[in-house]
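Engineer: The structure's right below; bear with me while I get my questions together.
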Amino acid sequence: MLKKQTLSVLFLFIAFPVIVCSQGRSAFSGDPEKYRAELVAFMGPNLKPDQLSNLNTFLAKWDSTTFSSENKSRIIDVSSQMSARSMRPVPHFSDFLTTLIIFSEKNKDETFFRNWITGLSEIAFIPRFTNDNLHRYFKNTGSMLKDNILFESGSVKWKVKNSAIKFLHDTVYSASVTNATLTCYSQRDSTEIYNVTGEYYPDIQQFIGSKGIVTWEKAGFSRNDVSVDLGKYTIDITRNNFRLDSVKISHSTYFKEPVLGSITDRATSFSSPEKANFPQFATYAKEFKINNMYKGVNYEGGLSFEGATVKGTGERYAPAKITLYRNDTLYLKISAREFIFSKTGLNSQETSMTLYLDKDSIYHSNLGFSYFAGNRQVNLFRTNNPISKSPYFDSFHNLDMYFEYLTWNMDESKIVLSRARGAALGEALFESVSFFNTDDFFRLMGLDQYHPLNRLLKFADWYYSETFPVPEFAKWLNKPDESVTGMCIDLANKGFLFYDRANNEVTIKQKTKDYLDSYGKELTMM
């Protein structure tokens with residue numbers, strides 16, 4: 001036992017100098033009778049008029065009964081800690097005095113003040129909190145008391161509306177609000193969270209809420225139609241935006257029950273509700289089914305709501321799908337990572353399409369798509385995507401078809417293939433999949449030692465699949481990914497492959513095998 005006591009005393013002698021040395025010498029003795037004179041001497045003779053006025057106002061309150069003897073002792077203790085930390089008369093002490101004045105004028109609750117100054121004293125003893133942290137702590141407190149502002153910096157301000165702020169102190173200090181509106185301002189923009197209950201922790205500058213609602217009112221939807229229940233959440237209020245997971249959206253148009261997902265919002269403004277792109281919500285589930293969203297049009301996939309815009313969303317290997325029916329018969333399937341919904345129809349800039357012709361089909365792996373619900377008009381068109389130049393594959397006629405624009409009013413039996421919209425000229429090419437040209441065959445090979453079509457089939461045998469990732473093929477060829485990707489895009493545009501850009505995969509078409517077979521037969525005939 002004696003040995004343990006000796007070790008404990010030795011530890012104290014070693015540790016104590018570290019604790020003492022971590023603080024400098026204070027300008028305050030701790031004697032309440034001397035504090036007034038020590039404060040005047042510390043603040044110095046070079047104060048600006050407003051700072052001097054601020055000091056005199058505090059001294060008048062100090063001399064009166066504004067502060068109880070217990071609170072005076074706390075003020076002296078904190079002043080000593082701040083001085084030992086080498087905090088300066090201006091701006092640190094001047095802003096500290098300002099906050100004390102605001103406390104005396106705005107709040108008469110002793111517990112309220114005690115919680116705040118106890119929290120300040122505790123933070124002052126923690127080395128990881130810098131002088132700037134402390135300064136921000138009591139300066140922001142003044143803003144809370146005076147203007148209900150939780151946090152303010154050069155570019156961001158968070159303010160509480162419709163609720164008083166209460167200061168709490170249990171193991172840590174916090175500011176509490178109940179059923180409030182929490183507003184974030186940034187530049188000339190803002191965003192709001194309603195029905196907020198939670199606590200703000202100034203030391204870590206986080207708001208931890210137990211309740212809150214985000215609405216789509218700035219995007220033109222009523223609170224009853226669209227809202228997100230935040231549940232329990234944490235927000236970094238030094239930023240003008242937040243992203244929260246595991247929240248629930250209620251949307252009268254698309255869901256019978258609240259649906260789980262994630263929300264992103266930021267302080268931003270829009271010229272009109274129709275152009276709003278925040279708040280944003282994405283559902284976790286990607287398996288929603290909406291039948292007859294327009295006449296004969298069904299949707300399957302996930303949903304996201306970006307301000308005024310509604311989007312259908314899919315995954316990399318599970319794209320969203322639009323199916324279009326005519327007289328109860330499926331005619332078109334459009335797949336994409338993203339569709340944009342509107343009151344008048346649908347559109348997407350990167351889709352794969354299948355037009356069904358009995359047991360056969362017309363297929364393309366990358367086209368732009370739009371649908372106008374008023375006249376049931378489908379439009380499929382090439383985009384700037386390099387894969388969009390590849391041909392439509394018609395399995396019914398065994399053709400590769402090159403043209404710019406497909407239009408179909410689904411109430412009619414006629415499909416129109418045409419030049420690009422707005423173009424003065426256009427051309428179309430329809431090529432049999434069994435067409436073979438020796439010159440084209442050798443042009444494909446270029447200066448390579450092996451023919452690329454032969455390499456494709458060899459790799460497919462090695463990979464045990466005629467669908468494979470381009471990077472794996474590049475690795476097998478011992479060539480850069482970019483080079484092999486360019487080769488695959490070129491072969492897709494010439495009708496030998498289907499290229500899936502989203503997954504960077506290719507599928508070998510029968511034309512590749514037929515082309516090599518045709519060359520073999522030509523060699524035999526020579």
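Please note that chains go A, B, ... in the order of the structure tokens, that every chain numbers its residues from 1, and that ligands are numbered from 1 in the order shown.
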Using only C-alpha atoms, determine which residues lie at most 10 Å from region 179-194 of chain A, disregarding the query and same-chain residues fewer than 4 positions distant; provide the list as number ranges by chain.
Structural biologist: A: 149-165, 198, 211-215, 218, 228-230, 237-241, 265-270, 278-279
Engineer: What's the 12 Å shell around region 382-392 of chain A, counting only C-alpha atoms, without same-chain residues fewer than 5 positions away, as a PyMOL selection string?
Structural biologist: chain A and resi 348-355+361-370+397-406+417-421+428-433+485-502+504+506
Engineer: Please provide the set of residues having any atom within 10 Å of Ser272 (chain A), restricted to only C-alpha atoms, with same-chain residues fewer than 5 positions apart removed, written as a list in words.
Structural biologist: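 That gives Lys218, Ala219, Gly220 and Ala308 of chain A.
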Engineer: Limited to all heavy atoms, could you put the picked residues into a file as an mmCIF file, in the first residue's frame?
Structural biologist:
```cif
data_model
loop_
_atom_site.group_PDB
_atom_site.id
_atom_site.type_symbol
_atom_site.label_atom_id
_atom_site.label_comp_id
_atom_site.auth_asym_id
_atom_site.auth_seq_id
_atom_site.Cartn_x
_atom_site.Cartn_y
_atom_site.Cartn_z
ATOM 1 N N LYS A 218 -41.115 25.728 -51.604
ATOM 2 C CA LYS A 218 -40.416 26.643 -52.508
ATOM 3 C C LYS A 218 -40.359 26.101 -53.932
ATOM 4 O O LYS A 218 -39.999 26.819 -54.863
ATOM 5 C CB LYS A 218 -39.006 26.929 -51.992
ATOM 6 C CG LYS A 218 -38.111 25.718 -51.804
ATOM 7 C CD LYS A 218 -36.824 26.135 -51.115
ATOM 8 C CE LYS A 218 -35.922 24.962 -50.795
ATOM 9 N NZ LYS A 218 -34.739 25.362 -50.002
ATOM 10 N N ALA A 219 -40.704 24.800 -54.111
ATOM 11 C CA ALA A 219 -40.787 24.221 -55.455
ATOM 12 C C ALA A 219 -42.222 24.165 -55.954
ATOM 13 O O ALA A 219 -42.498 23.553 -56.988
ATOM 14 C CB ALA A 219 -40.178 22.816 -55.461
ATOM 15 N N GLY A 220 -43.150 24.792 -55.203
ATOM 16 C CA GLY A 220 -44.520 24.903 -55.676
ATOM 17 C C GLY A 220 -45.465 23.833 -55.184
ATOM 18 O O GLY A 220 -46.609 23.768 -55.646
ATOM 19 N N ALA A 308 -38.546 20.954 -58.159
ATOM 20 C CA ALA A 308 -39.768 20.775 -58.943
ATOM 21 C C ALA A 308 -39.700 19.592 -59.894
ATOM 22 O O ALA A 308 -40.702 19.236 -60.513
ATOM 23 C CB ALA A 308 -40.038 22.056 -59.742
#
```
Engineer: Enumerate, as a PyMOL selection string, the complete set of residues in region 287-443 of chain A that a backbone-based DSSP assignment places in strand (DSSP E).
Structural biologist: chain A and resi 288-294+297-306+309-313+320-326+329-336+338-341+345-357+360-372+377-381+392-394+399-402+405-409+415-418+429-432
Engineer: Excluding Tyr201 (chain A) and its own-chain neighbours fewer than 6 positions away, which residues fall within 10 Å of it when counting only C-alpha atoms? Please give them as a ChimeraX atom specification.
Structural biologist: /A:137,150,168,172-176,207-208
Engineer: Those residues you just picked out, can you put them in a file as a compact mmCIF listing (two decimals), in the first residue's frame with N, CA and C atoms?
Structural biologist:
```txt
# COMPACT_ATOMS: atom_id res chain seq x y z
N TYR A 137 -17.66 31.03 -29.20
CA TYR A 137 -18.65 30.51 -28.25
C TYR A 137 -19.45 31.64 -27.61
N LEU A 150 -28.10 31.00 -33.97
CA LEU A 150 -27.26 29.94 -33.41
C LEU A 150 -25.82 30.08 -33.86
N LEU A 168 -28.84 24.75 -21.61
CA LEU A 168 -28.84 23.60 -20.71
C LEU A 168 -27.40 23.23 -20.38
N VAL A 172 -22.41 18.42 -20.72
CA VAL A 172 -21.89 19.45 -21.62
C VAL A 172 -22.93 20.55 -21.74
N TYR A 173 -22.49 21.65 -22.29
CA TYR A 173 -23.37 22.80 -22.48
C TYR A 173 -24.05 22.72 -23.84
N SER A 174 -25.34 23.10 -23.90
CA SER A 174 -26.07 23.10 -25.17
C SER A 174 -27.16 24.15 -25.14
N ALA A 175 -27.68 24.47 -26.33
CA ALA A 175 -28.81 25.39 -26.46
C ALA A 175 -29.97 24.60 -27.04
N SER A 176 -31.13 24.69 -26.39
CA SER A 176 -32.27 23.85 -26.75
C SER A 176 -33.39 24.68 -27.37
N PHE A 207 -25.99 20.77 -34.65
CA PHE A 207 -27.36 20.74 -34.15
C PHE A 207 -27.84 19.30 -34.23
N ILE A 208 -28.25 18.76 -33.09
CA ILE A 208 -28.74 17.38 -33.05
C ILE A 208 -30.24 17.43 -32.77
```
Engineer: Compare A:Pro91, A:Asp77, A:Ser104, A:Phe255 by their minimum atom-to-atom distance to Ser64 (chain A), counting only C-alpha atoms, and give me the closest one.
Structural biologist: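 Looking only at the distances to Ser64 (chain A), the closest residue turns out to be A:Ser104.
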Engineer: One decimal, Å: what's the distance from CA of Asn454 (chain A) over to CA of Lys513 (chain A), could you say?
Structural biologist: 8.7 Å
Engineer: Do a neighbour search on Leu47 (chain A) at 10 Å with only C-alpha atoms, toss out local chain neighbours closer than 5 positions, and write the hits as a ChimeraX atom specification.
Structural biologist: /A:52-55,89-90,94
Engineer: If we count only C-alpha atoms and set the cut-off at 12 Å, which residues sit around Pro452 (chain A), ignoring sequence neighbours fewer than 3 positions away in its own chain? Please answer as number ranges by chain.
Structural biologist: A: 441-449, 455-459, 473-474, 477, 484, 487-488, 490-491, 496-497, 508, 512-513, 515-516
Engineer: Quick one: write out the picked residues with N, CA and C atoms as a PDB file, in the first residue's frame?
Structural biologist:
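Saved as selection-v3.pdb:
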```pdb
ATOM      1  N   PHE A 441     -13.022  -5.583 -94.385  1.00  0.00           N
ATOM      2  CA  PHE A 441     -12.452  -6.549 -93.447  1.00  0.00           C
ATOM      3  C   PHE A 441     -11.001  -6.191 -93.116  1.00  0.00           C
ATOM      4  N   PHE A 442     -10.224  -5.896 -94.122  1.00  0.00           N
ATOM      5  CA  PHE A 442      -8.806  -5.580 -93.895  1.00  0.00           C
ATOM      6  C   PHE A 442      -8.626  -4.173 -93.304  1.00  0.00           C
ATOM      7  N   ARG A 443      -9.551  -3.270 -93.630  1.00  0.00           N
ATOM      8  CA  ARG A 443      -9.470  -1.941 -93.018  1.00  0.00           C
ATOM      9  C   ARG A 443      -9.668  -2.025 -91.499  1.00  0.00           C
ATOM     10  N   LEU A 444     -10.538  -2.929 -91.069  1.00  0.00           N
ATOM     11  CA  LEU A 444     -10.740  -3.128 -89.635  1.00  0.00           C
ATOM     12  C   LEU A 444      -9.459  -3.579 -88.947  1.00  0.00           C
ATOM     13  N   MET A 445      -8.678  -4.391 -89.645  1.00  0.00           N
ATOM     14  CA  MET A 445      -7.452  -4.936 -89.067  1.00  0.00           C
ATOM     15  C   MET A 445      -6.374  -3.868 -88.960  1.00  0.00           C
ATOM     16  N   GLY A 446      -6.326  -2.951 -89.926  1.00  0.00           N
ATOM     17  CA  GLY A 446      -5.316  -1.905 -89.918  1.00  0.00           C
ATOM     18  C   GLY A 446      -3.916  -2.498 -89.955  1.00  0.00           C
ATOM     19  N   LEU A 447      -3.048  -2.023 -89.084  1.00  0.00           N
ATOM     20  CA  LEU A 447      -1.665  -2.487 -89.044  1.00  0.00           C
ATOM     21  C   LEU A 447      -1.430  -3.519 -87.949  1.00  0.00           C
ATOM     22  N   ASP A 448      -2.502  -3.939 -87.255  1.00  0.00           N
ATOM     23  CA  ASP A 448      -2.341  -4.918 -86.183  1.00  0.00           C
ATOM     24  C   ASP A 448      -1.955  -6.286 -86.733  1.00  0.00           C
ATOM     25  N   GLN A 449      -1.308  -7.056 -85.884  1.00  0.00           N
ATOM     26  CA  GLN A 449      -0.901  -8.413 -86.283  1.00  0.00           C
ATOM     27  C   GLN A 449      -2.102  -9.355 -86.329  1.00  0.00           C
ATOM     28  N   ARG A 455      -9.824 -11.501 -82.246  1.00  0.00           N
ATOM     29  CA  ARG A 455      -9.444 -11.311 -80.848  1.00  0.00           C
ATOM     30  C   ARG A 455     -10.677 -11.316 -79.933  1.00  0.00           C
ATOM     31  N   LEU A 456     -11.759 -10.698 -80.395  1.00  0.00           N
ATOM     32  CA  LEU A 456     -12.995 -10.680 -79.621  1.00  0.00           C
ATOM     33  C   LEU A 456     -13.504 -12.092 -79.344  1.00  0.00           C
ATOM     34  N   LEU A 457     -13.538 -12.915 -80.385  1.00  0.00           N
ATOM     35  CA  LEU A 457     -14.046 -14.275 -80.216  1.00  0.00           C
ATOM     36  C   LEU A 457     -13.112 -15.113 -79.355  1.00  0.00           C
ATOM     37  N   LYS A 458     -11.809 -14.937 -79.516  1.00  0.00           N
ATOM     38  CA  LYS A 458     -10.847 -15.682 -78.692  1.00  0.00           C
ATOM     39  C   LYS A 458     -11.025 -15.322 -77.211  1.00  0.00           C
ATOM     40  N   PHE A 459     -11.195 -14.034 -76.932  1.00  0.00           N
ATOM     41  CA  PHE A 459     -11.363 -13.626 -75.536  1.00  0.00           C
ATOM     42  C   PHE A 459     -12.689 -14.135 -74.987  1.00  0.00           C
ATOM     43  N   PHE A 473     -11.012  -7.181 -71.148  1.00  0.00           N
ATOM     44  CA  PHE A 473     -10.546  -7.447 -72.514  1.00  0.00           C
ATOM     45  C   PHE A 473      -9.224  -6.712 -72.763  1.00  0.00           C
ATOM     46  N   ALA A 474      -9.129  -5.456 -72.286  1.00  0.00           N
ATOM     47  CA  ALA A 474      -7.898  -4.671 -72.453  1.00  0.00           C
ATOM     48  C   ALA A 474      -6.727  -5.334 -71.717  1.00  0.00           C
ATOM     49  N   LEU A 477      -5.547  -8.244 -73.702  1.00  0.00           N
ATOM     50  CA  LEU A 477      -4.789  -7.816 -74.884  1.00  0.00           C
ATOM     51  C   LEU A 477      -3.471  -7.140 -74.513  1.00  0.00           C
ATOM     52  N   VAL A 484      -8.500   0.288 -76.083  1.00  0.00           N
ATOM     53  CA  VAL A 484      -9.425  -0.816 -76.338  1.00  0.00           C
ATOM     54  C   VAL A 484     -10.871  -0.319 -76.303  1.00  0.00           C
ATOM     55  N   MET A 487     -11.551   1.185 -79.618  1.00  0.00           N
ATOM     56  CA  MET A 487     -11.731   0.128 -80.623  1.00  0.00           C
ATOM     57  C   MET A 487     -13.122  -0.475 -80.518  1.00  0.00           C
ATOM     58  N   CYS A 488     -13.589  -0.743 -79.296  1.00  0.00           N
ATOM     59  CA  CYS A 488     -14.907  -1.348 -79.103  1.00  0.00           C
ATOM     60  C   CYS A 488     -16.027  -0.408 -79.553  1.00  0.00           C
ATOM     61  N   ASP A 490     -15.762   1.831 -81.897  1.00  0.00           N
ATOM     62  CA  ASP A 490     -15.718   1.816 -83.365  1.00  0.00           C
ATOM     63  C   ASP A 490     -16.386   0.559 -83.917  1.00  0.00           C
ATOM     64  N   LEU A 491     -16.123  -0.580 -83.304  1.00  0.00           N
ATOM     65  CA  LEU A 491     -16.735  -1.834 -83.771  1.00  0.00           C
ATOM     66  C   LEU A 491     -18.242  -1.836 -83.514  1.00  0.00           C
ATOM     67  N   PHE A 496     -20.767  -4.584 -85.130  1.00  0.00           N
ATOM     68  CA  PHE A 496     -20.241  -5.881 -84.699  1.00  0.00           C
ATOM     69  C   PHE A 496     -20.479  -6.162 -83.220  1.00  0.00           C
ATOM     70  N   LEU A 497     -20.763  -5.120 -82.455  1.00  0.00           N
ATOM     71  CA  LEU A 497     -20.944  -5.266 -81.011  1.00  0.00           C
ATOM     72  C   LEU A 497     -22.146  -4.458 -80.547  1.00  0.00           C
ATOM     73  N   ILE A 508     -20.967  -9.465 -78.022  1.00  0.00           N
ATOM     74  CA  ILE A 508     -20.645  -9.787 -79.417  1.00  0.00           C
ATOM     75  C   ILE A 508     -21.923 -10.135 -80.175  1.00  0.00           C
ATOM     76  N   THR A 512     -20.377 -10.582 -86.084  1.00  0.00           N
ATOM     77  CA  THR A 512     -18.934 -10.783 -85.928  1.00  0.00           C
ATOM     78  C   THR A 512     -18.534 -12.175 -86.393  1.00  0.00           C
ATOM     79  N   LYS A 513     -19.284 -13.191 -85.972  1.00  0.00           N
ATOM     80  CA  LYS A 513     -18.984 -14.572 -86.371  1.00  0.00           C
ATOM     81  C   LYS A 513     -19.217 -14.766 -87.872  1.00  0.00           C
ATOM     82  N   TYR A 515     -19.030 -12.560 -90.181  1.00  0.00           N
ATOM     83  CA  TYR A 515     -18.019 -11.835 -90.942  1.00  0.00           C
ATOM     84  C   TYR A 515     -16.743 -12.671 -91.069  1.00  0.00           C
ATOM     85  N   LEU A 516     -16.338 -13.265 -89.965  1.00  0.00           N
ATOM     86  CA  LEU A 516     -15.146 -14.119 -89.996  1.00  0.00           C
ATOM     87  C   LEU A 516     -15.387 -15.374 -90.834  1.00  0.00           C
TER      88      LEU A 516
END
```
Engineer: In Å to one decimal, how far is CA of Ala124 (chain A) from CA of Ala84 (chain A)?
Structural biologist: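 Result for CA of Ala84 (chain A) versus CA of Ala124 (chain A): 9.9 Å, one decimal.
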